[in-house]
Structure formats: C-alpha cells, structure tokens
Amino acid sequence: MQTLWAERFAQRTQRMKSSAVRELLKLTELPDIISFAGGLPAPEVFPTARFAEAYQAVMDKVGAKALQYSTTEGYSPLRDLIAQHSTRYGIRIEPDNVLITNGSQQALDLIGKVFLNPGDHILVERPTYLGALQAWNAYQAEYITADTDGDGYVVESVKTQMRSGPKFIYALPNFQNPSGVTMSLERRHALIDVADHYGVPILEDDPYGQLRYEDEHLPSLVTLDSQFRSTDGAQYSGNVIYLSTFSKTLAPGIRLGWIIAPVEVIQRLVQAKQGADLHSGTLNQMLAYEVASGGFLDQHVKHIRAVYRERRDTMLAALDAHFPEGVTWTRPKGGLFLWLTFPPHMDATEVLKAAVAEKVAFVPGTSFHADGGGRNTARLNFSNATPEHIDEGVKRLARCLKQLLATP
Ligand code: PMP
C-alpha cells in the first residue's frame, strides 16, 4: 500500500533508480557464487589486530574525548598526517586544504551539493565510476562523455566536449574504476593544459593510487596542477579538487576519506557537511590516526600490494588460458578491476544471466556508461576472491562465453 509519503517525493528522486542489474546482482550474494561483481577489498588483509590495539590506545590516551562531538573539518592530527603524506607525493598542501569525509563517496555527494544546479553538465570518462553518477543524479546533473583508450581520457575528445560548457571534468587517473586503465603522464599534462585553457576545473578521484603493482608512481593531477602554477605558498589554490580514502588501504568499514581543495572550497564543503552529518565519527578518525601513524600505513600497503598483485596475475593468467577468441580485456597496473569487451553482438546482461546459472558473477558495463553505451562490456573485480576461486570463476565464465558464442 502506498503511504502519503510516496506522492511527496522530490523531483530529484526520479533520477534515483535502482537498476535491473542491481536486482540480478543480489543473487551474487548467495554463498556458493564466485563473485567478481563487487568492489570489495580482501577481508584477509584488514589489520584487525592493529585496530584492536589502536582502540585500546585511544581509550587509554583520550578516553571520553573519543566519544564526544568534534569539528566538521576533521581530527587535526589526521588532517596533518594526510597533508604530510600528500606532500611526500609532491602535493604542496597544508592541513587547511584537507576535509575529512565519510569515505570518498560522501566527498562526491558534498561536491554535488556545493557545485551542482539542476541541469549542470559534468564531463565524465566513458566508462566512469557508477557511484559518482549515483551521487550526482540526486542533484539532477547531466553528463557529457569523452572517449577513453588504454591511456585514459582522449584529450581531443575532451577538447571537443568543452563546447558543452561542463561545470567540471571528473577524472580517475589511476587504475580506473571500472576499466583498470591508468592515464599516461603525457595525457595528465595535456588534461591539465586543456582544463586551464578552457577554464574548467578538474575533480580527481584517486582511491587506488597507492595500489600499484608494477612500474613507477605517476604524479597526480593535483600535483601537476600545483607545479604548473608554481605558487610560492604552501597552501594549495589551484584548479583541481582531489579525493582519496582509507577504504582500500586500511578498511572501508571505518568510512573515512578526504578532500584536498583550495581553502575557499573547503569552507563551503564544511558548511555542506555540517548539514549532512556534523562531522565524521570522532572515534573512527582517532582510530585511523592511531593505526596509520608510526609508519604502519606504508608497511601495510606493501602487504596489500603483494596480495592483490598475485590475484591480478592469477586472473590475467586464467583469462589468457581459458577465454575464447573475440573477447579482450585490459591489463591493469594496479587497483581492483579489469575490463572485458565481448564481441559487439553480445549483451553483457545476457552473459550475466548465464554466468549466474554457472555460479559466477560480474557487473555488466552499461552501468558505468553515463550515455547508456557499453552493452558488450563488463567489469571484473580481482581483489575479493582467493586465487583458487579466481581461477575457478574465470573457468566457469569462459565456459558460459564459449557456449553463448557457439549458439547462433
Ligand atoms: N570513487 C571511486 C572511483 C571508487 O571506486 C570508490 C569505491 N568503490 C569510491 C569513490 C568510494 O569509496 P569510499 O566511499 O569507500 O571511500
């Protein structure tokens, strides 16, 4: 029965639909399914003992303060730690450039709240992160898409789309969710140039930057932008807003991420966050600080990299060994995902139906296309399943694909 509430939903909720694929993906939570669908880190790498010690230490050191309300900007030592850490990667910022959020997902939402009027255009990659589209749909954003290839945004395509006057460019330069692709250094420079030339700012979303399994670290867009501007002061005041998170390096359950932005932007975001939740959990922030400090984070990230590198290699080897001709995939240098392209006539949702019957799952690529394309594409996650399950899951998927390809 419909309640009185149902006829009172705001217009913006019309865009907040749950998709048919989401219903199908509920099946993937059944216990005997090997799921490459989620974006979950491996629970085996969560530093549970370190969290337990940290909890005791926080209680011993600050006691009731950890259970009290605190400032919207975030716990100062944690902001300092993030600022110091970022400086090490070449981003010259001060703690005032940092806002702690409930994961990067809240950062995306706050950015929508602060910057988007209904109908505003955002330039996104084709494909792009589904969660960003969900966040901004609620603010009635419209999307324009630019082409991507194995080096990220195709800059010529970005230039062409500047005609539509996007409010900002959304970029995922490292091991992109969903494609696993990394933007080359040349393209990073070119994107900064184009953004500067057309006067359009960039939102850089970087949850996976530290999870690199081969080659050298590439400078983030915010770093390149600050170098390009070569401002003397330590405070960042450029064209890029940068997002990152502890979800992939510590644990997603603590829901802690951060925004790096010019101070005038941070101030607005603080007002938006006040209205949303007053502040991120004091206890969680203190815990994260305690866990991350003293060099533990670096050491732990090394361990995570080793575990995920093995899983990525297992998945790539299984794909090479078992997948039929006509299907191609990306070879990510880090992150949690790789991207499949089936022959053009194949519909990934149909493949998913067959796959679920074989007890293996993935996410069809259309969900990541703001323009509704990508019917024959799919995202595979390699962080959550064990190497044995990865190998078995890929074999099952290969069987489905061979059968579907053999059916006229
Ligand atoms: N951005 C991207 C690109 C992501 O892949 C994710 C996590 N799936 C998020 C943001 C949100 O992460 P969290 O809220 O856990 O920090």
# chains A, B, ... in the order shown; residues from 1 in each chain; ligands from 1

$ closest_atom_pairs --of "stretch 3-72 of chain A" --to "stretch 130-147 of chain A" --cutoff "7 Å" --atoms "only C-alpha atoms" --output "CSV"
residue,atom,partner,partner_atom,distance
A:Arg12,CA,A:Ala138,CA,5.4
A:Thr13,CA,A:Ala138,CA,6.4
A:Arg15,CA,A:Asn137,CA,5.7
A:Met16,CA,A:Ala138,CA,6.3

$ residues_around --residues "A:Val194" --least-positions-apart "4" --cutoff "9 Å" --atoms "only C-alpha atoms" --output "list of chain:residue names"
A:Val155, A:Val158, A:Lys159, A:His189, A:Ala190, A:Tyr198, A:Gly199, A:Val200

$ residues_around --residues "stretch 314-317 of chain A" --least-positions-apart "6" --cutoff "12 Å" --atoms "only C-alpha atoms" --output "JSON, numbers by chain"
{"A": [36, 307, 308, 323, 328, 329, 330, 331, 332, 333, 336, 337, 338, 339, 340, 380, 381, 382, 383, 384, 385, 386, 387, 388, 389, 390, 391, 392, 393, 394, 395, 397]}

$ closest_residue --among "A:Leu185, A:Leu67, A:Ala354, A:Val222" --to "A:Thr282" --atoms "only C-alpha atoms"
A:Leu67

$ residues_near_ligand --ligand "ligand 1" --cutoff "9 Å" --atoms "only C-alpha atoms and all ligand atoms" --output "PyMOL selection string"
chain A and resi 38-40+101-108+128-132+172+176-178+205-208+243-248+251-258+336

$ select_by_dssp --residues "stretch 25-144 of chain A" --states "strand (DSSP E)" --output "ChimeraX atom specification"
/A:34-35,98-101,121-125,142-144

$ atom_distance --atom1 "atom CA of A:Phe168" --atom2 "atom CA of A:Asp193"
14.1 Å

$ atom_distance --atom1 "atom CA of A:Gly165" --atom2 "atom CA of A:Ile192"
16.3 Å

$ residues_around --residues "A:Ile202" --least-positions-apart "5" --cutoff "10 Å" --atoms "only C-alpha atoms" --output "CSV table (one decimal) with all heavy atoms, in the first residue's frame"
chain,number,residue,atom,x,y,z
A,123,LEU,N,31.6,16.6,-17.3
A,123,LEU,CA,32.3,15.7,-18.3
A,123,LEU,C,32.9,14.5,-17.6
A,123,LEU,O,33.6,14.6,-16.6
A,123,LEU,CB,33.4,16.5,-18.9
A,123,LEU,CG,34.2,15.7,-20.0
A,123,LEU,CD1,33.3,15.4,-21.2
A,123,LEU,CD2,35.5,16.5,-20.4
A,167,LYS,N,30.6,21.9,-15.9
A,167,LYS,CA,31.0,22.6,-14.7
A,167,LYS,C,32.4,22.1,-14.2
A,167,LYS,O,33.1,22.9,-13.7
A,167,LYS,CB,29.9,22.2,-13.6
A,167,LYS,CG,29.9,23.1,-12.4
A,167,LYS,CD,28.7,24.0,-12.5
A,167,LYS,CE,28.7,25.1,-11.6
A,167,LYS,NZ,27.3,25.4,-11.1
A,168,PHE,N,32.6,20.8,-14.4
A,168,PHE,CA,34.0,20.3,-14.1
A,168,PHE,C,34.2,19.0,-14.9
A,168,PHE,O,33.3,18.5,-15.4
A,168,PHE,CB,34.2,20.2,-12.6
A,168,PHE,CG,33.3,19.2,-11.9
A,168,PHE,CD1,33.4,17.9,-11.9
A,168,PHE,CD2,32.2,19.8,-11.1
A,168,PHE,CE1,32.5,17.0,-11.2
A,168,PHE,CE2,31.3,19.0,-10.4
A,168,PHE,CZ,31.5,17.6,-10.5
A,169,ILE,N,35.5,18.6,-14.9
A,169,ILE,CA,35.9,17.4,-15.5
A,169,ILE,C,36.1,16.4,-14.4
A,169,ILE,O,36.9,16.7,-13.5
A,169,ILE,CB,37.2,17.6,-16.3
A,169,ILE,CG1,37.0,18.7,-17.4
A,169,ILE,CG2,37.7,16.3,-16.9
A,169,ILE,CD1,38.3,19.1,-18.0
A,170,TYR,N,35.5,15.2,-14.5
A,170,TYR,CA,35.7,14.2,-13.5
A,170,TYR,C,36.7,13.2,-14.0
A,170,TYR,O,36.5,12.6,-15.1
A,170,TYR,CB,34.3,13.5,-13.2
A,170,TYR,CG,34.4,12.4,-12.2
A,170,TYR,CD1,35.0,12.5,-11.0
A,170,TYR,CD2,33.8,11.1,-12.5
A,170,TYR,CE1,35.0,11.5,-10.0
A,170,TYR,CE2,33.8,10.1,-11.6
A,170,TYR,CZ,34.4,10.3,-10.3
A,170,TYR,OH,34.4,9.2,-9.4
A,171,ALA,N,37.8,13.0,-13.3
A,171,ALA,CA,38.9,12.1,-13.8
A,171,ALA,C,39.3,11.1,-12.8
A,171,ALA,O,39.4,11.4,-11.6
A,171,ALA,CB,40.1,13.0,-14.2
A,191,LEU,N,45.8,17.1,-20.1
A,191,LEU,CA,44.4,17.3,-19.5
A,191,LEU,C,44.5,18.6,-18.6
A,191,LEU,O,43.6,19.5,-18.7
A,191,LEU,CB,44.0,16.2,-18.6
A,191,LEU,CG,42.5,16.3,-18.1
A,191,LEU,CD1,41.5,16.1,-19.3
A,191,LEU,CD2,42.2,15.2,-17.1
A,192,ILE,N,45.6,18.8,-17.9
A,192,ILE,CA,45.8,20.0,-17.1
A,192,ILE,C,45.8,21.2,-18.0
A,192,ILE,O,45.2,22.2,-17.7
A,192,ILE,CB,47.1,19.9,-16.3
A,192,ILE,CG1,47.0,18.8,-15.2
A,192,ILE,CG2,47.5,21.2,-15.6
A,192,ILE,CD1,46.1,19.1,-14.1
A,195,ALA,N,42.3,21.9,-19.4
A,195,ALA,CA,41.4,22.4,-18.4
A,195,ALA,C,41.7,23.9,-18.1
A,195,ALA,O,40.8,24.7,-18.0
A,195,ALA,CB,41.6,21.6,-17.1
A,196,ASP,N,43.0,24.2,-18.1
A,196,ASP,CA,43.5,25.5,-17.9
A,196,ASP,C,43.1,26.5,-19.0
A,196,ASP,O,42.5,27.5,-18.8
A,196,ASP,CB,45.0,25.5,-17.7
A,196,ASP,CG,45.5,26.9,-17.1
A,196,ASP,OD1,45.0,27.2,-16.0
A,196,ASP,OD2,46.2,27.6,-17.8
A,221,LEU,N,47.0,14.6,-10.7
A,221,LEU,CA,46.7,15.8,-11.4
A,221,LEU,C,46.9,17.0,-10.5
A,221,LEU,O,47.3,18.0,-11.0
A,221,LEU,CB,45.3,15.7,-12.0
A,221,LEU,CG,45.0,14.6,-13.0
A,221,LEU,CD1,43.5,14.4,-13.3
A,221,LEU,CD2,45.7,14.9,-14.3
A,222,VAL,N,46.5,16.8,-9.3
A,222,VAL,CA,46.6,18.0,-8.3
A,222,VAL,C,48.1,18.3,-8.2
A,222,VAL,O,48.4,19.5,-8.1
A,222,VAL,CB,45.9,17.6,-7.0
A,222,VAL,CG1,46.7,16.6,-6.2
A,222,VAL,CG2,45.7,18.9,-6.2
A,225,ASP,N,49.1,20.1,-11.4
A,225,ASP,CA,48.5,21.4,-11.4
A,225,ASP,C,49.2,22.4,-10.5
A,225,ASP,O,49.5,23.6,-10.9
A,225,ASP,CB,47.0,21.3,-11.0
A,225,ASP,CG,46.3,22.6,-11.1
A,225,ASP,OD1,46.1,23.1,-12.2
A,225,ASP,OD2,45.9,23.2,-10.1
A,238,GLY,N,44.8,25.8,-6.5
A,238,GLY,CA,44.7,25.6,-8.0
A,238,GLY,C,43.4,25.1,-8.5
A,238,GLY,O,42.4,25.3,-7.8
A,239,ASN,N,43.4,24.5,-9.6
A,239,ASN,CA,42.1,24.1,-10.3
A,239,ASN,C,41.6,22.7,-10.1
A,239,ASN,O,40.6,22.3,-10.7
A,239,ASN,CB,42.3,24.2,-11.8
A,239,ASN,CG,42.3,25.6,-12.3
A,239,ASN,OD1,41.9,26.5,-11.5
A,239,ASN,ND2,42.6,25.9,-13.6
A,240,VAL,N,42.3,22.0,-9.2
A,240,VAL,CA,42.0,20.5,-9.1
A,240,VAL,C,41.5,20.3,-7.6
A,240,VAL,O,42.0,20.8,-6.7
A,240,VAL,CB,43.2,19.6,-9.3
A,240,VAL,CG1,42.8,18.1,-9.1
A,240,VAL,CG2,43.7,19.8,-10.7
A,241,ILE,N,40.4,19.6,-7.5
A,241,ILE,CA,40.0,19.0,-6.2
A,241,ILE,C,40.3,17.6,-6.3
A,241,ILE,O,40.0,16.9,-7.3
A,241,ILE,CB,38.4,19.2,-6.0
A,241,ILE,CG1,38.1,20.7,-5.9
A,241,ILE,CG2,38.0,18.4,-4.7
A,241,ILE,CD1,36.6,20.9,-5.7
A,242,TYR,N,41.0,17.1,-5.2
A,242,TYR,CA,41.5,15.7,-5.2
A,242,TYR,C,40.8,14.9,-4.1
A,242,TYR,O,40.6,15.4,-2.9
A,242,TYR,CB,43.0,15.8,-4.9
A,242,TYR,CG,43.7,14.4,-4.7
A,242,TYR,CD1,44.2,13.7,-5.8
A,242,TYR,CD2,43.8,13.9,-3.4
A,242,TYR,CE1,44.8,12.5,-5.6
A,242,TYR,CE2,44.4,12.7,-3.2
A,242,TYR,CZ,44.9,12.0,-4.3
A,242,TYR,OH,45.5,10.8,-4.1

$ closest_residue --among "A:Leu250, A:Ala378, A:Ala370, A:Val114" --to "A:Thr349" --atoms "only C-alpha atoms"
A:Ala378

$ residues_around --residues "A:Pro344" --least-positions-apart "2" --cutoff "9 Å" --atoms "only C-alpha atoms" --output "PDB file with all heavy atoms, in the first residue's frame"
ATOM      1  N   THR A 341      35.805  -6.728 -22.903  1.00  0.00           N
ATOM      2  CA  THR A 341      34.999  -6.338 -24.059  1.00  0.00           C
ATOM      3  C   THR A 341      34.653  -7.599 -24.827  1.00  0.00           C
ATOM      4  O   THR A 341      35.544  -8.318 -25.295  1.00  0.00           O
ATOM      5  CB  THR A 341      35.753  -5.332 -24.956  1.00  0.00           C
ATOM      6  OG1 THR A 341      36.164  -4.228 -24.145  1.00  0.00           O
ATOM      7  CG2 THR A 341      34.865  -4.812 -26.083  1.00  0.00           C
ATOM      8  N   PHE A 342      33.354  -7.887 -24.906  1.00  0.00           N
ATOM      9  CA  PHE A 342      32.874  -9.044 -25.661  1.00  0.00           C
ATOM     10  C   PHE A 342      32.702  -8.640 -27.128  1.00  0.00           C
ATOM     11  O   PHE A 342      32.703  -7.445 -27.452  1.00  0.00           O
ATOM     12  CB  PHE A 342      31.513  -9.507 -25.105  1.00  0.00           C
ATOM     13  CG  PHE A 342      31.535  -9.849 -23.627  1.00  0.00           C
ATOM     14  CD1 PHE A 342      30.616  -9.289 -22.744  1.00  0.00           C
ATOM     15  CD2 PHE A 342      32.470 -10.746 -23.116  1.00  0.00           C
ATOM     16  CE1 PHE A 342      30.628  -9.598 -21.391  1.00  0.00           C
ATOM     17  CE2 PHE A 342      32.488 -11.068 -21.763  1.00  0.00           C
ATOM     18  CZ  PHE A 342      31.561 -10.492 -20.899  1.00  0.00           C
ATOM     19  N   MET A 346      27.304  -9.204 -28.564  1.00  0.00           N
ATOM     20  CA  MET A 346      26.964  -9.819 -27.272  1.00  0.00           C
ATOM     21  C   MET A 346      26.469  -8.785 -26.272  1.00  0.00           C
ATOM     22  O   MET A 346      26.988  -7.674 -26.200  1.00  0.00           O
ATOM     23  CB  MET A 346      28.194 -10.499 -26.679  1.00  0.00           C
ATOM     24  CG  MET A 346      28.343 -11.925 -27.110  1.00  0.00           C
ATOM     25  SD  MET A 346      29.709 -12.662 -26.212  1.00  0.00           S
ATOM     26  CE  MET A 346      28.911 -14.126 -25.645  1.00  0.00           C
ATOM     27  N   ASP A 347      25.469  -9.194 -25.490  1.00  0.00           N
ATOM     28  CA  ASP A 347      24.918  -8.325 -24.460  1.00  0.00           C
ATOM     29  C   ASP A 347      25.399  -8.854 -23.103  1.00  0.00           C
ATOM     30  O   ASP A 347      25.072  -9.982 -22.714  1.00  0.00           O
ATOM     31  CB  ASP A 347      23.382  -8.359 -24.556  1.00  0.00           C
ATOM     32  CG  ASP A 347      22.727  -7.481 -23.508  1.00  0.00           C
ATOM     33  OD1 ASP A 347      23.404  -7.072 -22.549  1.00  0.00           O
ATOM     34  OD2 ASP A 347      21.521  -7.209 -23.656  1.00  0.00           O
ATOM     35  N   ARG A 375      27.174  -1.933 -23.996  1.00  0.00           N
ATOM     36  CA  ARG A 375      26.365  -3.160 -23.831  1.00  0.00           C
ATOM     37  C   ARG A 375      27.212  -4.422 -23.800  1.00  0.00           C
ATOM     38  O   ARG A 375      26.860  -5.397 -23.142  1.00  0.00           O
ATOM     39  CB  ARG A 375      25.389  -3.249 -25.012  1.00  0.00           C
ATOM     40  CG  ARG A 375      23.936  -3.193 -24.637  1.00  0.00           C
ATOM     41  CD  ARG A 375      23.094  -3.193 -25.898  1.00  0.00           C
ATOM     42  NE  ARG A 375      22.430  -4.470 -26.126  1.00  0.00           N
ATOM     43  CZ  ARG A 375      22.785  -5.361 -27.042  1.00  0.00           C
ATOM     44  NH1 ARG A 375      23.807  -5.136 -27.843  1.00  0.00           N
ATOM     45  NH2 ARG A 375      22.109  -6.480 -27.181  1.00  0.00           N
ATOM     46  N   ASN A 376      28.298  -4.414 -24.562  1.00  0.00           N
ATOM     47  CA  ASN A 376      29.124  -5.630 -24.683  1.00  0.00           C
ATOM     48  C   ASN A 376      30.369  -5.573 -23.797  1.00  0.00           C
ATOM     49  O   ASN A 376      31.396  -6.163 -24.111  1.00  0.00           O
ATOM     50  CB  ASN A 376      29.551  -5.834 -26.152  1.00  0.00           C
ATOM     51  CG  ASN A 376      30.439  -4.711 -26.650  1.00  0.00           C
ATOM     52  OD1 ASN A 376      30.266  -3.565 -26.243  1.00  0.00           O
ATOM     53  ND2 ASN A 376      31.393  -5.025 -27.506  1.00  0.00           N
ATOM     54  N   THR A 377      30.275  -4.811 -22.687  1.00  0.00           N
ATOM     55  CA  THR A 377      31.443  -4.705 -21.807  1.00  0.00           C
ATOM     56  C   THR A 377      31.082  -5.152 -20.388  1.00  0.00           C
ATOM     57  O   THR A 377      29.902  -5.240 -20.047  1.00  0.00           O
ATOM     58  CB  THR A 377      31.962  -3.248 -21.752  1.00  0.00           C
ATOM     59  OG1 THR A 377      30.900  -2.401 -21.288  1.00  0.00           O
ATOM     60  CG2 THR A 377      32.439  -2.772 -23.105  1.00  0.00           C
TER      61      THR A 377
END

$ atom_distance --atom1 "atom CA of A:Leu352" --atom2 "atom CA of A:Val327"
14.8 Å

$ select_by_dssp --residues "stretch 77-263 of chain A" --states "alpha helix (DSSP H)" --output "MDAnalysis selection string"
chainID A and resid 77:88 103:115 130:137 155:161 185:198 221:229 263

$ closest_residue --among "A:Ala348, A:Val265, A:Leu30, A:Leu81" --to "A:Thr366" --atoms "only C-alpha atoms"
A:Ala348

$ closest_residue --among "A:Val124, A:Met1, A:Ala49, A:Ile34" --to "A:Pro173" --atoms "only C-alpha atoms"
A:Val124
